[in-house]
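So this block is query_26.txt, compact mmCIF, C-alpha atoms:
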# COMPACT_ATOMS: atom_id res chain seq x y z
CA MET K 1 1.93 78.51 97.69
CA PRO K 2 5.19 77.83 99.59
CA GLU K 3 5.40 79.91 102.77
CA TYR K 4 8.18 80.03 105.32
CA LEU K 5 8.08 80.84 109.04
CA GLY K 6 10.81 82.68 110.96
CA ILE K 7 11.06 83.36 114.70
CA ASP K 8 13.52 85.67 116.45
CA THR K 9 13.61 86.14 120.24
CA SER K 10 16.42 88.62 120.75
CA ASN K 11 17.31 90.43 123.95
CA TYR K 12 14.89 93.27 123.17
CA THR K 13 12.19 92.08 120.73
CA THR K 14 9.83 89.15 120.22
CA SER K 15 9.17 88.74 116.51
CA ALA K 16 7.55 86.32 114.07
CA ALA K 17 7.43 86.54 110.27
CA VAL K 18 6.22 84.59 107.27
CA TYR K 19 7.82 84.86 103.84
CA ILE K 20 5.39 84.30 100.95
CA SER K 21 7.87 83.25 98.30
CA GLU K 22 5.68 83.47 95.18
CA GLU K 23 4.88 87.10 96.02
CA ASN K 24 8.29 87.94 97.52
CA ARG K 25 6.38 89.37 100.47
CA ILE K 26 7.00 89.40 104.21
CA ILE K 27 4.25 89.63 106.82
CA GLN K 28 5.40 90.04 110.40
CA ARG K 29 4.52 90.87 113.98
CA LYS K 30 6.94 92.08 116.63
CA LYS K 31 6.90 93.62 120.08
CA LEU K 32 9.59 95.15 122.26
CA LEU K 33 10.27 93.56 125.61
CA PRO K 34 9.27 95.86 128.50
CA VAL K 35 12.16 97.71 130.14
CA LYS K 36 11.80 99.72 133.35
CA SER K 37 12.18 103.47 133.00
CA GLY K 38 15.81 104.54 133.39
CA ALA K 39 17.18 101.02 132.88
CA LEU K 40 19.75 100.25 130.19
CA GLY K 41 18.35 96.85 129.28
CA LEU K 42 17.15 93.49 130.60
CA ARG K 43 18.63 90.55 132.45
CA GLN K 44 18.50 87.36 130.41
CA SER K 45 16.12 85.75 132.91
CA ASP K 46 13.68 88.63 132.44
CA ALA K 47 14.05 88.48 128.64
CA VAL K 48 13.22 84.75 128.65
CA PHE K 49 10.17 85.38 130.84
CA HIS K 50 8.81 88.12 128.59
CA HIS K 51 9.42 86.13 125.40
CA THR K 52 7.54 83.21 126.93
CA LYS K 53 4.58 85.53 127.51
CA GLN K 54 4.76 87.45 124.22
CA LEU K 55 5.57 84.81 121.62
CA PRO K 56 2.10 83.15 121.68
CA ASP K 57 0.54 86.59 121.13
CA MET K 58 2.84 87.21 118.16
CA ILE K 59 1.95 83.87 116.57
CA GLU K 60 -1.79 84.22 117.22
CA GLY K 61 -1.85 87.74 115.80
CA LEU K 62 0.22 86.87 112.76
CA PHE K 63 -1.95 83.91 111.75
CA ALA K 64 -5.28 85.51 112.70
CA GLU K 65 -4.73 88.73 110.76
CA ASN K 66 -3.33 87.20 107.56
CA GLU K 67 -4.30 84.46 105.14
CA ILE K 68 -1.37 82.08 105.58
CA GLY K 69 -1.25 78.83 103.69
CA LYS K 70 0.89 75.76 104.25
CA ILE K 71 4.17 76.48 106.00
CA THR K 72 6.83 74.61 104.04
CA ALA K 73 9.79 75.13 106.40
CA ALA K 74 10.58 77.08 109.57
CA ALA K 75 13.68 78.66 111.06
CA ALA K 76 14.73 80.28 114.32
CA SER K 77 17.54 82.56 115.40
CA ALA K 78 19.35 80.28 117.85
CA ARG K 79 22.44 82.34 118.72
CA PRO K 80 23.78 85.90 118.37
CA ARG K 81 26.51 85.04 115.82
CA ASN K 82 27.68 82.00 113.88
CA ILE K 83 30.84 81.62 115.94
CA GLU K 84 31.86 79.09 118.57
CA GLY K 85 30.59 79.98 122.05
CA SER K 86 28.00 82.49 120.85
CA TYR K 87 25.03 81.95 123.16
CA MET K 88 22.21 83.83 124.87
CA PRO K 89 19.36 82.08 126.74
CA CYS K 90 16.68 84.30 125.21
CA PHE K 91 17.10 82.59 121.81
CA LEU K 92 16.02 79.27 123.34
CA CYS K 93 12.43 80.60 123.41
CA GLY K 94 12.19 80.92 119.64
CA GLU K 95 14.24 77.84 118.89
CA GLY K 96 12.10 75.68 121.20
CA PHE K 97 8.88 76.88 119.61
CA VAL K 98 10.12 76.25 116.07
CA ARG K 99 11.40 72.77 116.95
CA SER K 100 8.00 71.86 118.35
CA TYR K 101 6.08 73.39 115.47
CA ALA K 102 8.24 71.66 112.85
CA ALA K 103 7.87 68.31 114.59
CA ILE K 104 4.08 68.61 114.71
CA GLU K 105 3.79 69.76 111.10
CA LYS K 106 6.51 67.38 109.88
CA ILE K 107 8.39 70.12 108.05
CA PRO K 108 12.13 70.97 107.92
CA MET K 109 13.46 73.11 110.75
CA TYR K 110 16.60 75.25 110.50
CA THR K 111 18.58 77.48 112.84
CA THR K 112 20.73 80.46 112.04
CA SER K 113 22.23 83.40 113.91
CA HIS K 114 20.56 86.66 114.83
CA GLN K 115 23.29 88.41 112.86
CA VAL K 116 22.59 86.48 109.65
CA GLY K 117 18.91 87.31 110.13
CA HIS K 118 19.73 91.02 110.24
CA ILE K 119 21.84 90.81 107.08
CA LEU K 120 19.22 88.84 105.12
CA ALA K 121 16.48 91.25 106.26
CA ALA K 122 18.57 94.15 104.99
CA LEU K 123 19.19 92.44 101.65
CA TYR K 124 15.50 91.59 101.27
CA SER K 125 14.23 95.08 102.10
CA ALA K 126 16.82 96.69 99.82
CA ASP K 127 15.88 94.24 97.01
CA ARG K 128 19.46 92.94 96.92
CA LEU K 129 19.11 89.27 97.87
CA GLU K 130 21.21 88.36 94.84
CA LEU K 131 24.25 89.59 96.79
CA ILE K 132 24.34 86.27 98.69
CA ASN K 133 25.86 84.76 95.55
CA ALA K 134 29.07 86.80 95.78
CA PRO K 135 31.24 88.49 98.43
CA PHE K 136 30.04 91.73 100.01
CA ILE K 137 30.82 93.88 103.05
CA ALA K 138 28.12 94.22 105.70
CA PHE K 139 27.77 96.23 108.89
CA HIS K 140 25.69 95.04 111.82
CA VAL K 141 25.35 97.95 114.25
CA SER K 142 23.07 97.57 117.26
CA GLY K 143 23.10 97.47 121.05
CA GLY K 144 25.01 94.20 121.02
CA THR K 145 27.32 94.62 118.03
CA THR K 146 29.31 97.10 115.99
CA ASP K 147 30.67 94.70 113.42
CA CYS K 148 32.17 95.19 109.97
CA LEU K 149 31.87 91.84 108.21
CA LEU K 150 33.06 90.09 105.08
CA CYS K 151 30.14 88.00 103.81
CA GLU K 152 30.64 85.16 101.34
CA PRO K 153 28.39 82.47 99.82
CA ASP K 154 28.16 79.22 101.78
CA ASP K 155 26.05 76.16 100.99
CA GLU K 156 25.39 75.30 104.63
CA LEU K 157 25.24 78.71 106.31
CA VAL K 158 23.86 80.63 103.27
CA VAL K 159 26.13 83.51 104.30
CA LYS K 160 29.59 82.81 105.74
CA ILE K 161 30.70 85.70 107.92
CA SER K 162 34.25 86.75 108.81
CA THR K 163 34.89 89.74 111.05
CA ILE K 164 36.89 92.54 109.46
CA ALA K 165 36.60 94.93 112.42
CA THR K 166 34.52 95.45 115.54
CA SER K 167 34.18 97.65 118.62
CA LEU K 168 36.80 97.45 121.35
CA ASP K 169 34.46 98.88 124.00
CA LEU K 170 30.93 100.26 123.58
CA ASN K 171 28.66 99.22 120.73
CA GLY K 172 26.82 101.77 118.64
CA GLY K 173 23.44 101.10 120.22
CA GLN K 174 24.92 101.23 123.72
CA ALA K 175 26.39 104.66 123.00
CA VAL K 176 23.04 105.89 121.71
CA ASP K 177 21.16 104.57 124.75
CA ARG K 178 23.66 105.82 127.32
CA VAL K 179 23.66 109.31 125.86
CA GLY K 180 19.87 109.20 125.51
CA LEU K 181 19.37 108.25 129.16
CA MET K 182 21.84 110.98 130.09
CA LEU K 183 19.50 113.42 128.32
CA GLY K 184 16.40 112.06 130.04
CA LEU K 185 15.06 109.90 127.20
CA ASP K 186 13.44 106.49 127.64
CA PHE K 187 15.15 103.24 126.63
CA PRO K 188 15.54 102.32 123.80
CA CYS K 189 16.56 105.88 122.94
CA GLY K 190 17.34 105.75 119.20
CA ILE K 191 14.20 107.33 117.76
CA GLU K 192 13.99 110.11 120.35
CA LEU K 193 17.70 110.89 120.14
CA GLU K 194 17.37 111.29 116.37
CA LYS K 195 14.40 113.65 116.80
CA LEU K 196 16.42 115.68 119.29
CA ALA K 197 19.45 115.83 116.98
CA GLU K 198 17.31 117.11 114.10
CA LYS K 199 16.82 120.34 116.11
CA ALA K 200 20.55 120.97 116.65
CA ASP K 201 21.86 124.44 115.81
CA ARG K 202 25.53 123.53 116.11
CA HIS K 203 27.60 120.55 115.00
CA GLN K 204 31.07 120.00 116.46
CA LYS K 205 33.90 118.44 114.49
CA VAL K 206 34.25 114.73 115.18
CA LYS K 207 37.10 112.30 114.60
CA ALA K 208 36.72 108.53 114.74
CA VAL K 209 39.01 106.53 117.03
CA LEU K 210 40.21 103.36 115.27
CA LYS K 211 42.87 100.78 116.11
CA GLU K 212 43.62 98.55 113.10
CA GLY K 213 40.07 99.11 111.89
CA ASN K 214 38.47 98.37 115.26
CA CYS K 215 36.56 101.27 116.76
CA CYS K 216 36.42 102.80 120.24
CA LEU K 217 33.11 104.44 121.14
CA SER K 218 33.41 105.00 124.89
CA GLY K 219 34.85 108.45 124.20
CA VAL K 220 31.55 109.70 122.78
CA GLU K 221 29.80 109.01 126.10
CA ASN K 222 32.50 110.89 128.03
CA LYS K 223 32.43 113.81 125.60
CA CYS K 224 28.64 114.08 125.75
CA LYS K 225 28.73 114.03 129.55
CA ALA K 226 31.29 116.86 129.52
CA MET K 227 29.14 118.84 127.07
CA LEU K 228 26.10 118.42 129.31
CA GLU K 229 28.03 119.57 132.40
CA LYS K 230 29.11 122.71 130.50
CA GLY K 231 25.50 123.56 129.69
CA GLU K 232 25.42 122.53 126.01
CA LYS K 233 21.95 122.14 124.52
CA PRO K 234 20.62 118.56 124.56
CA GLU K 235 19.91 118.88 120.83
CA ASN K 236 23.58 119.60 120.09
CA ILE K 237 24.73 116.78 122.35
CA ALA K 238 22.45 114.35 120.51
CA ALA K 239 23.83 115.56 117.17
CA TYR K 240 27.41 115.09 118.37
CA CYS K 241 26.68 111.51 119.41
CA LEU K 242 25.13 110.56 116.07
CA ASP K 243 27.79 112.42 114.06
CA PHE K 244 30.50 110.54 115.96
CA ILE K 245 28.89 107.17 115.23
CA ALA K 246 28.41 108.07 111.55
CA GLU K 247 32.05 109.09 111.18
CA THR K 248 33.13 105.90 112.94
CA ILE K 249 31.13 103.71 110.54
CA ILE K 250 32.52 105.64 107.56
CA SER K 251 36.10 105.20 108.83
CA MET K 252 35.53 101.46 109.36
CA THR K 253 34.09 101.25 105.84
CA GLU K 254 37.24 102.85 104.44
CA TYR K 255 39.34 100.31 106.32
CA ALA K 256 37.27 97.42 104.92
CA ILE K 257 37.54 98.75 101.36
CA GLU K 258 41.30 99.10 101.74
CA LYS K 259 41.52 95.45 102.88
CA HIS K 260 39.03 93.82 100.51
CA GLY K 261 38.41 96.21 97.65
CA ARG K 262 35.22 97.97 96.58
CA LEU K 263 32.72 95.22 97.25
CA PRO K 264 28.99 95.98 97.60
CA LEU K 265 28.17 97.60 100.95
CA VAL K 266 25.22 96.61 103.15
CA TYR K 267 24.24 98.28 106.44
CA ALA K 268 21.97 96.50 108.94
CA GLY K 269 20.95 96.71 112.60
CA GLY K 270 18.89 99.13 114.65
CA VAL K 271 21.43 101.96 114.67
CA MET K 272 21.45 101.96 110.87
CA SER K 273 17.78 102.99 110.86
CA ASP K 274 18.86 106.46 112.06
CA MET K 275 18.34 108.74 109.07
CA LEU K 276 20.99 111.26 110.16
CA ILE K 277 23.65 108.53 110.24
CA ARG K 278 22.34 106.97 107.05
CA GLN K 279 22.45 110.25 105.11
CA GLN K 280 26.10 110.81 105.98
CA ILE K 281 27.04 107.31 104.82
CA ILE K 282 25.05 107.55 101.58
CA SER K 283 26.75 110.87 100.78
CA ARG K 284 30.08 109.00 100.80
CA TYR K 285 29.06 105.66 99.29
CA GLU K 286 26.55 105.93 96.50
CA GLY K 287 24.83 102.61 95.94
CA ALA K 288 25.20 101.38 99.51
CA SER K 289 22.25 99.22 100.59
CA PHE K 290 20.32 99.81 103.82
CA ALA K 291 17.55 97.89 105.49
CA GLN K 292 14.25 99.75 105.47
CA PRO K 293 13.45 101.05 108.99
CA GLN K 294 10.97 98.25 109.78
CA PHE K 295 13.66 95.72 108.85
CA SER K 296 16.55 97.49 110.59
CA CYS K 297 15.60 96.89 114.19
CA ASP K 298 15.32 93.34 115.53
CA ASN K 299 12.88 91.32 113.43
CA ALA K 300 12.22 87.79 112.18
CA ALA K 301 12.05 88.64 108.47
CA GLY K 302 15.61 87.57 107.74
CA THR K 303 15.08 84.33 109.65
CA ALA K 304 12.02 83.57 107.48
CA ILE K 305 14.12 84.33 104.39
CA PHE K 306 16.73 81.89 105.74
CA ALA K 307 14.04 79.19 106.00
CA TYR K 308 13.15 79.87 102.35
CA LEU K 309 16.75 79.78 101.12
CA LYS K 310 17.42 76.50 102.96
CA GLY K 311 14.01 74.97 102.30
CA ARG K 312 14.15 75.42 98.54
CA GLU K 313 17.29 73.28 98.51
CA GLU K 314 15.44 70.28 100.00
Would you write out, as structure tokens, the structure that this file holds?
Amino acid sequence: MPEYLGIDTSNYTTSAAVYISEENRIIQRKKLLPVKSGALGLRQSDAVFHHTKQLPDMIEGLFAENEIGKITAAAASARPRNIEGSYMPCFLCGEGFVRSYAAIEKIPMYTTSHQVGHILAALYSADRLELINAPFIAFHVSGGTTDCLLCEPDDELVVKISTIATSLDLNGGQAVDRVGLMLGLDFPCGIELEKLAEKADRHQKVKAVLKEGNCCLSGVENKCKAMLEKGEKPENIAAYCLDFIAETIISMTEYAIEKHGRLPLVYAGGVMSDMLIRQQIISRYEGASFAQPQFSCDNAAGTAIFAYLKGREE
């Protein structure tokens, strides 16, 4: 049966996935890159080194633990976004492997952006892949992006992306990690910050800061620092951080709807796996589509889906 390989080597995760098209099923392996305790992330040189070490393990594990037939086409995330000048060295690891693999196997090889991979993974896991045939609004919220995007069908790119709004300072994932480290959590802090926030006994009123739809998130870090200095409980600080991000995403959604009408809404990226944020958004926008948690954080599933969507056209 036709099967499609996807590789994604982002700044934080090495991942490989195969899409089994006749069963509409993804099998995948992924592993976070090691980050020293207390650090906010990795230098690109370190990310490239760790991907070089981890990617063979991901491939070996994926193919050893699953019955995988003939790979028909392969794709790699080769850049953060599909815009001019978008580049990070870590993506060369996955792109180089896929180029070599495709040449050996004599199969088509495609490249896409990490952002498109996130959006396709969200659509797949929400069973909404049909949305690629019409315009929709998508959010990609992670450590590297806080983007509100207009997505439209495109024969070459599969999904053509235009930015509606973005962050003017911190990204959602950066805010989460900075507040988490402030509270003594380990990087990446998302899961532990959510657990902490679930125990909050007080929620403060929050108000998003937007400038023509673009958000400003640096204020949440400053506010949380002030709360900590005044002796506020860590649980309540964590809740304030996540409430602020949720309200920001909701306000950006309202801006996008005002500009482009009530198009389908899709939320992707690691920050969107937070259930406290997700619940607040769902309460406002019934029918909004979210990636399942295993497809929210960095993964190669959407890249494998991209290989399928491009490969079936050949």
Would you give me, as CSV, each residue of region 115-181 of chain K having an atom within 10 Å of an atom of region 256-273 of chain K, along with its shortest atom pair and that distance in Å to one decimal, using all atoms listed in the file and sorting by chain and residue number?
residue,atom,partner,partner_atom,distance
K:Gln115,CA,K:Gly269,CA,8.6
K:Gly117,CA,K:Ala268,CA,9.8
K:His118,CA,K:Ala268,CA,6.1
K:Ile119,CA,K:Ala268,CA,6.0
K:Leu120,CA,K:Ala268,CA,9.0
K:Ala121,CA,K:Ala268,CA,8.1
K:Ala122,CA,K:Ala268,CA,5.7
K:Leu123,CA,K:Val266,CA,7.5
K:Ala126,CA,K:Val266,CA,9.0
K:Arg128,CA,K:Val266,CA,9.2
K:Leu131,CA,K:Pro264,CA,8.0
K:Ala134,CA,K:Leu263,CA,9.3
K:Pro135,CA,K:Leu263,CA,7.0
K:Phe136,CA,K:Pro264,CA,5.0
K:Ile137,CA,K:Leu265,CA,5.0
K:Ala138,CA,K:Val266,CA,4.5
K:Phe139,CA,K:Tyr267,CA,4.8
K:His140,CA,K:Ala268,CA,4.9
K:Val141,CA,K:Gly269,CA,4.9
K:Ser142,CA,K:Gly270,CA,5.2
K:Gly143,CA,K:Gly270,CA,7.8
K:Gly144,CA,K:Gly269,CA,9.7
K:Thr145,CA,K:Gly269,CA,8.6
K:Thr146,CA,K:Gly269,CA,9.0
K:Asp147,CA,K:Ala268,CA,9.9
K:Cys148,CA,K:Ala256,CA,7.5
K:Leu149,CA,K:Ala256,CA,8.4
K:Leu150,CA,K:His260,CA,8.4
K:Cys151,CA,K:Val266,CA,9.9
K:Ile164,CA,K:Ala256,CA,6.7
K:Ala165,CA,K:Ala256,CA,7.9
K:Asn171,CA,K:Val271,CA,9.8
K:Gly172,CA,K:Val271,CA,6.7
K:Gly173,CA,K:Val271,CA,6.0
K:Gln174,CA,K:Val271,CA,9.7
K:Val176,CA,K:Val271,CA,8.2
- region 198-200 of chain K surroundings by all atoms listed in the file, 12 Å radius, close-in-sequence under 4 positions cut, as a PyMOL selection string: chain K and resi 191-194+204+232-243+274-277
- Message: From the options K:Glu156, K:Thr52, K:Ala47, K:Ala76, which residue's atoms come nearest to Ala17 (chain K), counting all atoms listed in the file?
- Response: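 The answer is K:Ala76, which sits nearest to Ala17 (chain K).
Residues with any atom within 6 Å of Arg79 (chain K), counting all atoms listed in the file and excluding same-chain neighbours fewer than 6 positions away, are Ser86, Tyr87 and Ser113 of chain K.
Minimum distance to Lys223 (chain K) across K:Lys211, K:Pro293, K:Tyr101, K:Ala175 (counting all atoms listed in the file) occurs at K:Ala175.
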- Task: For each of K:Ala288, K:Ala301, K:Ala103, K:Met252, take the minimum atom-to-atom distance to Arg29 (chain K), counting all atoms listed in the file, then give the residue where this is smallest.
- Result: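 The answer is K:Ala301, which sits nearest to Arg29 (chain K).
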- To one decimal in Å, tell me the separation between CA of Gly41 (chain K) and CA of Leu217 (chain K).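 Separation of CA of Gly41 (chain K) and CA of Leu217 (chain K): 18.5 Å.
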- Quick one: pull the distance between CA of Asn82 (chain K) and CA of Thr14 (chain K), Å, one decimal.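 Going from CA of Asn82 (chain K) over to CA of Thr14 (chain K), I get 20.2 Å.
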- Note on the structure: Using all atoms listed in the file, the shortest atom-to-atom distance to Leu181 (chain K) among K:Lys225, K:Asp201, K:Gly94, K:Asn299 belongs to K:Lys225
- Rank nothing, just name the residue among K:Thr72, K:Ser296, K:Asn133, K:Thr9 nearest to Ser21 (chain K), using only C-alpha atoms.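 Distance minimum relative to Ser21 (chain K) lands on K:Thr72.
Between CA of Asp177 (chain K) and CA of Ile83 (chain K) the separation is 26.4 Å.
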- Message: Tell me which residues come within 12 Å of (0.7, 85.1, 115.1), as a list in words, counting only C-alpha atoms in the file's coordinates.
- Response: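 Those within range, by chain then number, are Leu5, Gly6, Ile7, Thr14, Ser15, Ala16, Ala17, Val18, Ile27, Gln28, Arg29, Lys30, Lys31, Gln54, Leu55, Pro56, Asp57, Met58, Ile59, Glu60, Gly61, Leu62, Phe63, Ala64, Glu65, Asn66, Glu67 and Ile68 of chain K.
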- Task: Check the smallest atom-to-atom distance from each of K:Ala74, K:Arg278, K:Met88, K:Ala197 to Pro108 (chain K) using all atoms listed in the file, then report the winner.
- Result: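 Going through K:Ala74, K:Arg278, K:Met88, K:Ala197 one by one, the smallest distance to Pro108 (chain K) is for K:Ala74.
Residues in contact range of Tyr19 (chain K), defined as at most 8 Å between all atoms listed in the file, with sequence neighbours fewer than 6 positions away removed, read Glu3, Tyr4, Leu5, Arg25, Ile26, Ile27, Ala301, Ala304, Ile305 and Tyr308 of chain K.
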Surrounding residues of Lys36 (chain K) excluding itself and chain neighbours under 5 positions, 12 Å, all atoms listed in the file, as a tab-separated table (two decimals) with C-alpha atoms, in the frame of the given file:
chain	number	residue	atom	x	y	z
K	41	GLY	CA	18.35	96.85	129.28
K	42	LEU	CA	17.15	93.49	130.60
K	43	ARG	CA	18.63	90.55	132.45
K	46	ASP	CA	13.68	88.63	132.44
K	186	ASP	CA	13.44	106.49	127.64
K	187	PHE	CA	15.15	103.24	126.63
K	188	PRO	CA	15.54	102.32	123.80
Would you mind writing region 231-250 of chain K with N, CA and C atoms, as a PDB file, keeping the file's coordinate frame?
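The file below, selection-v9.pdb, is the result:
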ATOM      1  N   GLY K 231      26.723 122.857 130.040  1.00  0.00           N
ATOM      2  CA  GLY K 231      25.500 123.560 129.690  1.00  0.00           C
ATOM      3  C   GLY K 231      25.138 123.529 128.223  1.00  0.00           C
ATOM      4  N   GLU K 232      25.753 122.631 127.440  1.00  0.00           N
ATOM      5  CA  GLU K 232      25.420 122.530 126.010  1.00  0.00           C
ATOM      6  C   GLU K 232      23.972 122.070 125.853  1.00  0.00           C
ATOM      7  N   LYS K 233      23.332 122.521 124.794  1.00  0.00           N
ATOM      8  CA  LYS K 233      21.950 122.140 124.520  1.00  0.00           C
ATOM      9  C   LYS K 233      21.848 120.629 124.291  1.00  0.00           C
ATOM     10  N   PRO K 234      20.809 119.992 124.812  1.00  0.00           N
ATOM     11  CA  PRO K 234      20.620 118.560 124.560  1.00  0.00           C
ATOM     12  C   PRO K 234      20.572 118.230 123.072  1.00  0.00           C
ATOM     13  N   GLU K 235      19.991 119.129 122.263  1.00  0.00           N
ATOM     14  CA  GLU K 235      19.910 118.880 120.830  1.00  0.00           C
ATOM     15  C   GLU K 235      21.300 118.768 120.198  1.00  0.00           C
ATOM     16  N   ASN K 236      22.224 119.622 120.647  1.00  0.00           N
ATOM     17  CA  ASN K 236      23.580 119.600 120.090  1.00  0.00           C
ATOM     18  C   ASN K 236      24.374 118.402 120.590  1.00  0.00           C
ATOM     19  N   ILE K 237      24.088 117.980 121.819  1.00  0.00           N
ATOM     20  CA  ILE K 237      24.730 116.780 122.350  1.00  0.00           C
ATOM     21  C   ILE K 237      24.278 115.551 121.567  1.00  0.00           C
ATOM     22  N   ALA K 238      22.986 115.476 121.295  1.00  0.00           N
ATOM     23  CA  ALA K 238      22.450 114.350 120.510  1.00  0.00           C
ATOM     24  C   ALA K 238      23.084 114.321 119.124  1.00  0.00           C
ATOM     25  N   ALA K 239      23.227 115.492 118.504  1.00  0.00           N
ATOM     26  CA  ALA K 239      23.830 115.560 117.170  1.00  0.00           C
ATOM     27  C   ALA K 239      25.286 115.110 117.209  1.00  0.00           C
ATOM     28  N   TYR K 240      26.006 115.503 118.256  1.00  0.00           N
ATOM     29  CA  TYR K 240      27.410 115.090 118.370  1.00  0.00           C
ATOM     30  C   TYR K 240      27.517 113.568 118.462  1.00  0.00           C
ATOM     31  N   CYS K 241      26.660 112.963 119.259  1.00  0.00           N
ATOM     32  CA  CYS K 241      26.680 111.510 119.410  1.00  0.00           C
ATOM     33  C   CYS K 241      26.462 110.812 118.071  1.00  0.00           C
ATOM     34  N   LEU K 242      25.439 111.228 117.331  1.00  0.00           N
ATOM     35  CA  LEU K 242      25.130 110.560 116.070  1.00  0.00           C
ATOM     36  C   LEU K 242      26.185 110.870 114.998  1.00  0.00           C
ATOM     37  N   ASP K 243      26.720 112.084 114.996  1.00  0.00           N
ATOM     38  CA  ASP K 243      27.790 112.420 114.060  1.00  0.00           C
ATOM     39  C   ASP K 243      29.032 111.571 114.319  1.00  0.00           C
ATOM     40  N   PHE K 244      29.329 111.349 115.598  1.00  0.00           N
ATOM     41  CA  PHE K 244      30.500 110.540 115.960  1.00  0.00           C
ATOM     42  C   PHE K 244      30.328 109.100 115.482  1.00  0.00           C
ATOM     43  N   ILE K 245      29.143 108.549 115.685  1.00  0.00           N
ATOM     44  CA  ILE K 245      28.890 107.170 115.230  1.00  0.00           C
ATOM     45  C   ILE K 245      28.960 107.090 113.717  1.00  0.00           C
ATOM     46  N   ALA K 246      28.369 108.065 113.024  1.00  0.00           N
ATOM     47  CA  ALA K 246      28.410 108.070 111.550  1.00  0.00           C
ATOM     48  C   ALA K 246      29.842 108.103 111.044  1.00  0.00           C
ATOM     49  N   GLU K 247      30.656 108.979 111.615  1.00  0.00           N
ATOM     50  CA  GLU K 247      32.050 109.090 111.180  1.00  0.00           C
ATOM     51  C   GLU K 247      32.826 107.815 111.490  1.00  0.00           C
ATOM     52  N   THR K 248      32.478 107.167 112.599  1.00  0.00           N
ATOM     53  CA  THR K 248      33.130 105.900 112.940  1.00  0.00           C
ATOM     54  C   THR K 248      32.806 104.821 111.913  1.00  0.00           C
ATOM     55  N   ILE K 249      31.539 104.717 111.532  1.00  0.00           N
ATOM     56  CA  ILE K 249      31.130 103.710 110.540  1.00  0.00           C
ATOM     57  C   ILE K 249      31.790 104.002 109.186  1.00  0.00           C
ATOM     58  N   ILE K 250      31.877 105.264 108.828  1.00  0.00           N
ATOM     59  CA  ILE K 250      32.520 105.640 107.560  1.00  0.00           C
ATOM     60  C   ILE K 250      34.002 105.261 107.594  1.00  0.00           C
TER      61      ILE K 250
END
